[in-house]
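Worksheet for the structure shown next.
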Amino acid sequence: MNAVLERATDYSAVYTAEPTIAAFHHSAAFVRGIRGPYGSGKSVGCVAEIIRRAQEQKPDRFGRRKTRFAAIRNTYGELKTTTIKTWQEWVPQDVAPIKWDEPITCRWICKMPDGTTMDLEMIFLSVDRPAHVKKLKSLDLTGLWLNEASLLEKLVLDDGTARVGRYPAKKDGAPFTWAGVIMDTNAMDDDHWWHDLAEGVTDQDRQAEINAMLEGLQAALDRLGMNRPLMEFFEQPPALIEAQGSYLPNPDAENVKNQPMGASYWLMLANGKSKEWIEMFLLNKYGKVIDGLPVYPEYNDQLHGRAMALRAIPGLPITVGLDFGLSPAAVPLQVSSKGQLLVLGECVAQERSMGITRFLGDALKPYLYNRFGANDANGNPWEFRFVGDPAGAQRGQDGEERNVFQIAADLNVSIAPAKTNAFVARRDSPAWFLNRLCEGQPAFLIDESARMVKKGLRGGYHYRRIQVSGEARYQNEPYKNKYSHPVEAMQYGAMEYVTIEAPASGMKMVPEWQRKLAAKVGVSGRPWRARGGLVGRASRSMH
């Protein structure tokens with residue numbers, strides 16, 4: 001390996017694999033991924049792996065070792081400034097000239113010591129447009145490199161695995177030698193496809209998707225006649241370690257010797273960064289970094305989001321909050337006798353994938369049956385109370401004149417409009433529970449299957465930063481994205497369990513469970529506060 005990269009360059013740099021990347025090279029898995037902090041040598045390791053496989057390809061009857069690889073990056077700009085730049089640091093222009101056509105290509109032809117010729121073709125693609133993903137489907141490749149895979153859709157991996165092992169052509173007498181997919185990335189959000197494949201999931205629906213993908217990979221291996229492991233993931237050591245509130249260089253960090261500043265490079269990067277940023281990009285931890293302001297700073301992932309499997313409480317109705325549009329979402333909720341809001345799960349459509357008719361009939365109804373069954377633990381049928389965005393009364397869905405509530409009624413689903421869709425009331429309803437404890441336990445609990453809601457609360461549901469100079473400024477309402485739909489569905493459901501002021505009349509609407517509790521404990525007067533919950537003796541009785 002070292003000799004290969006020495007010949008490819010006209011300077012003295014020699015590639016030496018760090019321990020984690022050396023294990024990455026040694027793996028025989030069909031799909032291999034390596035995750036590490038900034039500047040840890042991941043991309044260089046992938047370049048070295050491509051060159052190694054090109055050298056080891058068995059020659060055809062003409063003595064040529066022909067291979068073709070595609071390098072994929074999320075945007076054209078990143079492709080030029082990072083992927084191709086890294087490639088040319090080891091395979092410079094005078095060795096393999098870049099042709100800046102579409103797609104961008106280069107070809108490296110050189111004589112090997114045994115008299116054969118290595119003929120390595122590289123294709124560099126960005127996939128920032130759907131048409132670019134389609135181009136991938138027409139390629140015949142030896143192997144595929146997904147550079148910074150955390151920024152790529154899983155579709156790129158799905159389609160890419162079907163394109164490898166198709167080159168070199170059999171007609172030239174080239175023996176099959178190797179095929180595979182290599183990937184590198186920094187850490188990413190823990191609801192990313194990489195995390196699910198590398199770490200596993202507990203959600204049965206998500207696991208079914210993963211199993212389907214693994215079956216596709218196995219079919220590709222069978223087609224190629226390869227008896228190899230399907231996937232293997234590698235995790236590099238963090239660049240820094242945290243000690244007593246500060247950060248120190250990690251003695252086990254990789255690629256230190258190749259940094260001009262040594263370990264000081266990572267200490268410099270940490271300066272002025274948020275804890276979340278440092279944990280993801282320097283400590284190599286899964287997490288969430290957003291360029292915005294979280295809508296729910298009250299949410300504490302260690303307190304409210306710890307993994308737990310919640311069970312619905314028999315005898316109590318289940319409120320199902322709904323958000324409509326072409327990305328519908330539903331979130332089932334209950335409030336326990338202690339006053340804890342239980343987020344029991346989520347049913348979320350892919351973005352812009354279906355209208356309300358398909359969602360209710362093909363997604364929500366099966367979900368509720370599979371999640372809760374027909375009857376509770378006492379043998380009684382569950383009572384579902386559906387409540388949704390009041391704006392559903394003003395707009396049609398599925399290209400029909402009828403509004404959402406009328407469409408739902410035709411499907412035997414009675415959806416009541418929420419009390420309001422005013423943002424402050426919606427935001428404050430879950431926040432009331434997030435700010436409280438019940439008998440030493442958080443008053444907001446979330447089932448481990450409600451992944452999108454949890455990620456939204458952690459910051460995916462946020463106020464977008466306004467791009468202006470000077471002091472940071474943010475939009476007044478949350479940015480609409482894939483997290484906003486389930487979180488807003490949860491908000492509509494949570495409003496059923498708190499008191500809010502009706503904007504038009506100023507009258508306070510007290511939910512049934514609060515009225516019953518007030519009557520039970522004998523609270524007189526007005527024990528409710530606007531957009532809040534119980535106060536005085538009523539509040540203490542719940543704790």
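Going through the structure tokens in order, the chains are called A, B, and so on, while each chain numbers its residues from 1 and the ligands are numbered from 1 in the order shown.
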_With only C-alpha atoms as the counted atoms, please give the residues lying no more than 9 Å from Ile466 in chain A, apart from itself and same-chain residues fewer than 5 positions off, as a PyMOL selection string._
chain A and resi 292+472-475
*Excluding His304 in chain A and any residue of its chain fewer than 6 positions from it, enumerate the residues within 8 Å of it, using only C-alpha atoms, and give them as a list in words.*
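Residues meeting the cut-off are Leu434, Pro442, Phe444, Leu445 and Ile446 of chain A.
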Would you put the residues from that selection into a file with C-alpha atoms, as a PDB file, in the first residue's frame?
ATOM      1  CA  LEU A 434     -41.841  19.386  30.340  1.00  0.00           C
ATOM      2  CA  PRO A 442     -40.654  13.864  34.855  1.00  0.00           C
ATOM      3  CA  PHE A 444     -43.371  14.193  30.292  1.00  0.00           C
ATOM      4  CA  LEU A 445     -42.485  10.669  29.168  1.00  0.00           C
ATOM      5  CA  ILE A 446     -41.920   9.479  25.610  1.00  0.00           C
TER       6      ILE A 446
END
_range 226-241 of chain A surroundings by only C-alpha atoms, 7 Å radius, close-in-sequence under 4 positions cut, as an NGL selection string_ = :A and (20 or 24 or 28-37 or 198 or 217-218 or 221-222 or 247-250 or 252-253 or 266 or 282-284)
Run DSSP on the backbone and give me the residues of range 224-462 of chain A it puts in alpha helix (DSSP H), as a CSV table (one decimal) with C-alpha atoms, in the first residue's frame.
chain,number,residue,atom,x,y,z
A,224,LEU,CA,-21.8,-12.0,-7.6
A,264,SER,CA,-3.8,21.5,18.9
A,265,TYR,CA,-5.8,21.4,15.7
A,266,TRP,CA,-8.8,19.8,17.5
A,267,LEU,CA,-8.4,22.1,20.5
A,268,MET,CA,-8.6,25.1,18.1
A,269,LEU,CA,-11.7,23.7,16.5
A,270,ALA,CA,-13.4,23.3,19.9
A,275,LYS,CA,-21.2,21.3,23.4
A,276,GLU,CA,-23.4,19.5,20.8
A,277,TRP,CA,-21.1,20.4,18.0
A,278,ILE,CA,-18.0,19.3,19.9
A,279,GLU,CA,-19.6,16.0,20.8
A,280,MET,CA,-20.5,15.2,17.2
A,281,PHE,CA,-17.5,16.4,15.2
A,301,ASP,CA,-32.9,14.2,26.6
A,302,GLN,CA,-31.4,12.7,29.7
A,303,LEU,CA,-34.5,13.3,31.8
A,304,HIS,CA,-37.4,13.1,29.3
A,356,ILE,CA,-55.1,12.1,4.4
A,357,THR,CA,-57.2,9.3,2.7
A,358,ARG,CA,-54.2,7.0,2.3
A,365,LYS,CA,-55.5,2.4,11.3
A,366,PRO,CA,-53.0,-0.5,11.0
A,367,TYR,CA,-50.6,1.3,13.2
A,368,LEU,CA,-53.1,1.8,16.1
A,369,TYR,CA,-54.2,-1.8,15.9
A,370,ASN,CA,-50.6,-3.2,15.8
A,371,ARG,CA,-49.5,-0.8,18.6
A,372,PHE,CA,-52.4,-1.2,21.0
A,404,VAL,CA,-60.1,16.8,6.0
A,405,PHE,CA,-62.8,16.2,8.6
A,406,GLN,CA,-65.3,15.2,6.0
A,407,ILE,CA,-62.9,12.8,4.3
A,408,ALA,CA,-62.1,11.2,7.7
A,409,ALA,CA,-65.8,10.8,8.6
A,410,ASP,CA,-66.3,8.8,5.3
A,423,PHE,CA,-48.6,28.8,17.8
A,424,VAL,CA,-48.1,30.1,21.4
A,425,ALA,CA,-50.9,27.8,22.7
A,426,ARG,CA,-49.6,24.8,20.8
A,427,ARG,CA,-46.0,25.3,22.0
A,428,ASP,CA,-46.9,25.9,25.6
A,429,SER,CA,-49.1,22.8,26.0
A,430,PRO,CA,-46.3,20.2,26.0
A,431,ALA,CA,-44.0,22.7,27.7
A,432,TRP,CA,-46.3,22.7,30.7
A,433,PHE,CA,-45.5,19.0,31.3
A,434,LEU,CA,-41.8,19.4,30.3
A,451,ARG,CA,-38.2,8.7,17.3
A,452,MET,CA,-39.2,11.7,15.2
A,453,VAL,CA,-41.0,13.5,18.1
A,454,LYS,CA,-37.9,13.0,20.3
A,455,LYS,CA,-35.6,14.3,17.6
*Among the residues of range 325-366 of chain A, find those DSSP assigns to strand (DSSP E or B) from the backbone and print them as a PyMOL selection string.*
chain A and resi 329-335+341-343+347-348
Next, the residues of the selection above should be written as an mmCIF file, in the first residue's frame with N, CA and C atoms.
data_model
loop_
_atom_site.group_PDB
_atom_site.id
_atom_site.type_symbol
_atom_site.label_atom_id
_atom_site.label_comp_id
_atom_site.auth_asym_id
_atom_site.auth_seq_id
_atom_site.Cartn_x
_atom_site.Cartn_y
_atom_site.Cartn_z
ATOM 1 N N ALA A 329 -49.050 13.205 10.047
ATOM 2 C CA ALA A 329 -48.445 12.571 11.218
ATOM 3 C C ALA A 329 -49.506 12.426 12.295
ATOM 4 N N ALA A 330 -49.372 11.378 13.102
ATOM 5 C CA ALA A 330 -50.288 11.129 14.216
ATOM 6 C C ALA A 330 -49.481 10.701 15.424
ATOM 7 N N VAL A 331 -49.854 11.225 16.595
ATOM 8 C CA VAL A 331 -49.147 10.906 17.838
ATOM 9 C C VAL A 331 -50.173 10.569 18.910
ATOM 10 N N PRO A 332 -50.188 9.320 19.416
ATOM 11 C CA PRO A 332 -51.112 8.936 20.484
ATOM 12 C C PRO A 332 -50.587 9.363 21.853
ATOM 13 N N LEU A 333 -51.497 9.868 22.698
ATOM 14 C CA LEU A 333 -51.128 10.403 24.007
ATOM 15 C C LEU A 333 -52.107 9.943 25.076
ATOM 16 N N GLN A 334 -51.634 9.906 26.304
ATOM 17 C CA GLN A 334 -52.483 9.769 27.484
ATOM 18 C C GLN A 334 -51.872 10.608 28.601
ATOM 19 N N VAL A 335 -52.681 10.914 29.619
ATOM 20 C CA VAL A 335 -52.179 11.501 30.860
ATOM 21 C C VAL A 335 -52.472 10.521 31.982
ATOM 22 N N LEU A 341 -47.751 13.285 31.121
ATOM 23 C CA LEU A 341 -48.131 13.167 29.720
ATOM 24 C C LEU A 341 -47.317 12.043 29.098
ATOM 25 N N LEU A 342 -47.988 11.040 28.575
ATOM 26 C CA LEU A 342 -47.334 9.875 27.976
ATOM 27 C C LEU A 342 -47.434 9.970 26.466
ATOM 28 N N VAL A 343 -46.312 10.133 25.802
ATOM 29 C CA VAL A 343 -46.266 10.102 24.340
ATOM 30 C C VAL A 343 -46.033 8.648 23.962
ATOM 31 N N CYS A 347 -46.959 7.824 14.258
ATOM 32 C CA CYS A 347 -47.180 7.280 12.921
ATOM 33 C C CYS A 347 -46.951 8.448 11.967
ATOM 34 N N VAL A 348 -45.853 8.410 11.222
ATOM 35 C CA VAL A 348 -45.409 9.551 10.440
ATOM 36 C C VAL A 348 -45.200 9.128 8.992
#
_Top pick for closest residue to Ile21 in chain A, considering A:Gln207, A:Gln55, A:Asn403, A:Asn255 and counting only C-alpha atoms_ = A:Asn255
*Of the candidates A:Lys42, A:Lys111, A:Lys257, A:His485, which shows the shortest atom-to-atom distance to Trp145 in chain A, using only C-alpha atoms?*
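Under the stated criterion, the closest residue is A:Lys42.
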*CA of Phe324 in chain A and CA of Gly355 in chain A are how many Å apart?*
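Going from CA of Phe324 in chain A over to CA of Gly355 in chain A, I get 7.9 Å.
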*asked:* My list of candidates is A:Ala179, A:Gly200, A:Ser449, A:His132. Which is closest to Arg306 in chain A when distances are computed with only C-alpha atoms?
replied: A:Ser449
*Please identify all polymer residues within 12 Å of Tyr483 in chain A, counting only C-alpha atoms, omitting same-chain residues fewer than 6 positions from it, and present them as a ChimeraX atom specification.*
/A:191,294-295,323,327-329,346,348-351,450-462,489-490
Given the selection you just returned, output its residues as a file containing N, CA and C atoms, formatted as a short mmCIF file (atom, residue, chain, number, x, y, z; two decimals), in the first residue's frame.
data_model
loop_
_atom_site.label_atom_id
_atom_site.label_comp_id
_atom_site.auth_asym_id
_atom_site.auth_seq_id
_atom_site.Cartn_x
_atom_site.Cartn_y
_atom_site.Cartn_z
N ASP A 191 -30.99 9.45 14.27
CA ASP A 191 -32.07 8.83 13.52
C ASP A 191 -31.69 8.67 12.04
N PRO A 294 -33.77 25.82 19.23
CA PRO A 294 -34.79 24.83 19.53
C PRO A 294 -36.07 25.46 20.07
N VAL A 295 -37.20 24.94 19.63
CA VAL A 295 -38.48 25.43 20.10
C VAL A 295 -38.72 25.00 21.54
N ASP A 323 -51.57 15.97 12.45
CA ASP A 323 -51.18 17.07 11.58
C ASP A 323 -51.43 16.62 10.15
N SER A 327 -47.73 15.45 4.28
CA SER A 327 -46.81 14.70 5.15
C SER A 327 -47.51 14.47 6.48
N PRO A 328 -48.62 13.72 6.49
CA PRO A 328 -49.42 13.61 7.72
C PRO A 328 -48.64 12.90 8.83
N ALA A 329 -49.05 13.20 10.05
CA ALA A 329 -48.45 12.57 11.22
C ALA A 329 -49.51 12.43 12.29
N GLU A 346 -45.70 7.12 17.52
CA GLU A 346 -45.92 8.04 16.40
C GLU A 346 -46.19 7.25 15.14
N VAL A 348 -45.85 8.41 11.22
CA VAL A 348 -45.41 9.55 10.44
C VAL A 348 -45.20 9.13 8.99
N ALA A 349 -45.84 9.83 8.08
CA ALA A 349 -45.65 9.56 6.65
C ALA A 349 -44.34 10.18 6.19
N GLN A 350 -43.72 9.59 5.19
CA GLN A 350 -42.57 10.23 4.58
C GLN A 350 -43.00 11.55 3.97
N GLU A 351 -42.03 12.48 3.87
CA GLU A 351 -42.37 13.83 3.42
C GLU A 351 -43.01 13.82 2.03
N ALA A 450 -41.12 6.67 19.48
CA ALA A 450 -41.47 8.00 18.97
C ALA A 450 -40.19 8.75 18.62
N ARG A 451 -39.47 8.24 17.67
CA ARG A 451 -38.15 8.75 17.34
C ARG A 451 -38.20 10.16 16.74
N MET A 452 -39.15 10.40 15.86
CA MET A 452 -39.23 11.70 15.20
C MET A 452 -39.65 12.80 16.18
N VAL A 453 -40.58 12.48 17.06
CA VAL A 453 -40.97 13.45 18.08
C VAL A 453 -39.78 13.78 18.97
N LYS A 454 -39.08 12.76 19.39
CA LYS A 454 -37.92 12.97 20.26
C LYS A 454 -36.86 13.83 19.58
N LYS A 455 -36.58 13.52 18.33
CA LYS A 455 -35.58 14.30 17.61
C LYS A 455 -36.06 15.73 17.39
N GLY A 456 -37.36 15.89 17.17
CA GLY A 456 -37.89 17.24 17.04
C GLY A 456 -37.71 18.04 18.32
N LEU A 457 -37.98 17.42 19.47
CA LEU A 457 -37.83 18.10 20.74
C LEU A 457 -36.38 18.43 21.04
N ARG A 458 -35.48 17.61 20.54
CA ARG A 458 -34.05 17.84 20.76
C ARG A 458 -33.50 18.98 19.91
N GLY A 459 -34.25 19.45 18.97
CA GLY A 459 -33.78 20.58 18.17
C GLY A 459 -34.13 20.49 16.71
N GLY A 460 -34.61 19.33 16.24
CA GLY A 460 -35.02 19.24 14.85
C GLY A 460 -36.19 20.18 14.55
N TYR A 461 -37.01 20.41 15.55
CA TYR A 461 -38.12 21.37 15.47
C TYR A 461 -37.58 22.68 16.03
N HIS A 462 -37.27 23.64 15.18
CA HIS A 462 -36.52 24.80 15.62
C HIS A 462 -36.92 26.05 14.86
N ALA A 489 -48.37 17.48 15.59
CA ALA A 489 -49.44 16.52 15.91
C ALA A 489 -49.49 16.29 17.41
N MET A 490 -48.32 16.15 18.03
CA MET A 490 -48.26 15.98 19.48
C MET A 490 -48.82 17.20 20.19
#
*Excluding range 385-390 of chain A and any residue of its chain fewer than 4 positions from it, enumerate the residues within 9 Å of it, using only C-alpha atoms, and give them as a VMD selection string.*
chain A and resid 317 to 324 330 332 394 405 413 to 421 488 to 489 492 to 493 496
_Atom-to-atom span, CA of Leu310 in chain A and CA of Glu199 in chain A, Å_ = 21.9 Å
Nearby residues (only C-alpha atoms) at most 9 Å from Asp159 in chain A, same-chain spacing under 5 positions excluded, as a PDB file with C-alpha atoms, in the first residue's frame:
ATOM      1  CA  VAL A 133     -29.252   9.655  -8.410  1.00  0.00           C
ATOM      2  CA  LYS A 134     -30.735   8.341 -11.643  1.00  0.00           C
ATOM      3  CA  LEU A 136     -25.931   6.260 -10.711  1.00  0.00           C
ATOM      4  CA  LYS A 137     -28.375   3.607 -11.898  1.00  0.00           C
ATOM      5  CA  LYS A 154     -30.078   6.010   1.971  1.00  0.00           C
TER       6      LYS A 154
END
Selection near Glu209 in chain A, 12 Å with only C-alpha atoms, sequence-local residues under 6 positions removed, as a PDB file with N, CA and C atoms, in the first residue's frame:
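result_3.pdb was written with the following content:
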ATOM      1  N   LYS A 154     -30.282   7.457   2.015  1.00  0.00           N
ATOM      2  CA  LYS A 154     -30.078   6.010   1.971  1.00  0.00           C
ATOM      3  C   LYS A 154     -30.317   5.451   0.572  1.00  0.00           C
ATOM      4  N   ASP A 158     -28.745   2.270  -1.420  1.00  0.00           N
ATOM      5  CA  ASP A 158     -29.610   1.220  -1.958  1.00  0.00           C
ATOM      6  C   ASP A 158     -29.345   0.991  -3.440  1.00  0.00           C
ATOM      7  N   TRP A 193     -29.878   6.798   8.774  1.00  0.00           N
ATOM      8  CA  TRP A 193     -29.825   5.397   8.344  1.00  0.00           C
ATOM      9  C   TRP A 193     -28.506   4.731   8.734  1.00  0.00           C
ATOM     10  N   ASP A 196     -28.823   3.502  12.268  1.00  0.00           N
ATOM     11  CA  ASP A 196     -29.702   2.335  12.363  1.00  0.00           C
ATOM     12  C   ASP A 196     -28.999   1.068  11.889  1.00  0.00           C
ATOM     13  N   LEU A 197     -28.231   1.172  10.805  1.00  0.00           N
ATOM     14  CA  LEU A 197     -27.529   0.003  10.287  1.00  0.00           C
ATOM     15  C   LEU A 197     -26.378  -0.409  11.189  1.00  0.00           C
ATOM     16  N   GLY A 200     -28.237  -0.717  15.210  1.00  0.00           N
ATOM     17  CA  GLY A 200     -29.472  -1.462  15.401  1.00  0.00           C
ATOM     18  C   GLY A 200     -30.582  -0.568  15.912  1.00  0.00           C
ATOM     19  N   VAL A 201     -31.804  -1.053  15.832  1.00  0.00           N
ATOM     20  CA  VAL A 201     -32.979  -0.298  16.261  1.00  0.00           C
ATOM     21  C   VAL A 201     -33.891  -1.211  17.069  1.00  0.00           C
ATOM     22  N   ASP A 203     -37.356  -0.290  17.081  1.00  0.00           N
ATOM     23  CA  ASP A 203     -38.654  -0.137  16.433  1.00  0.00           C
ATOM     24  C   ASP A 203     -38.835  -1.221  15.368  1.00  0.00           C
ATOM     25  N   GLU A 215     -31.704  -7.994   2.808  1.00  0.00           N
ATOM     26  CA  GLU A 215     -32.064  -9.033   1.838  1.00  0.00           C
ATOM     27  C   GLU A 215     -31.616  -8.639   0.434  1.00  0.00           C
ATOM     28  N   GLY A 216     -31.749  -7.335   0.111  1.00  0.00           N
ATOM     29  CA  GLY A 216     -31.281  -6.870  -1.188  1.00  0.00           C
ATOM     30  C   GLY A 216     -29.777  -6.997  -1.332  1.00  0.00           C
TER      31      GLY A 216
END
*asked:* Would you compute the distance between CA of Tyr286 in chain A and CA of His195 in chain A? Give it in Å to one decimal.
replied: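 Atom-to-atom, CA of Tyr286 in chain A to CA of His195 in chain A, that is 7.9 Å.
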*asked:* Taking only C-alpha atoms into account, name the residue in A:Leu125, A:Ala494, A:Cys106, A:Leu293 that is nearest to Tyr479 in chain A.
replied: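 Answer, going by the shortest atom-to-atom distance: A:Leu293.
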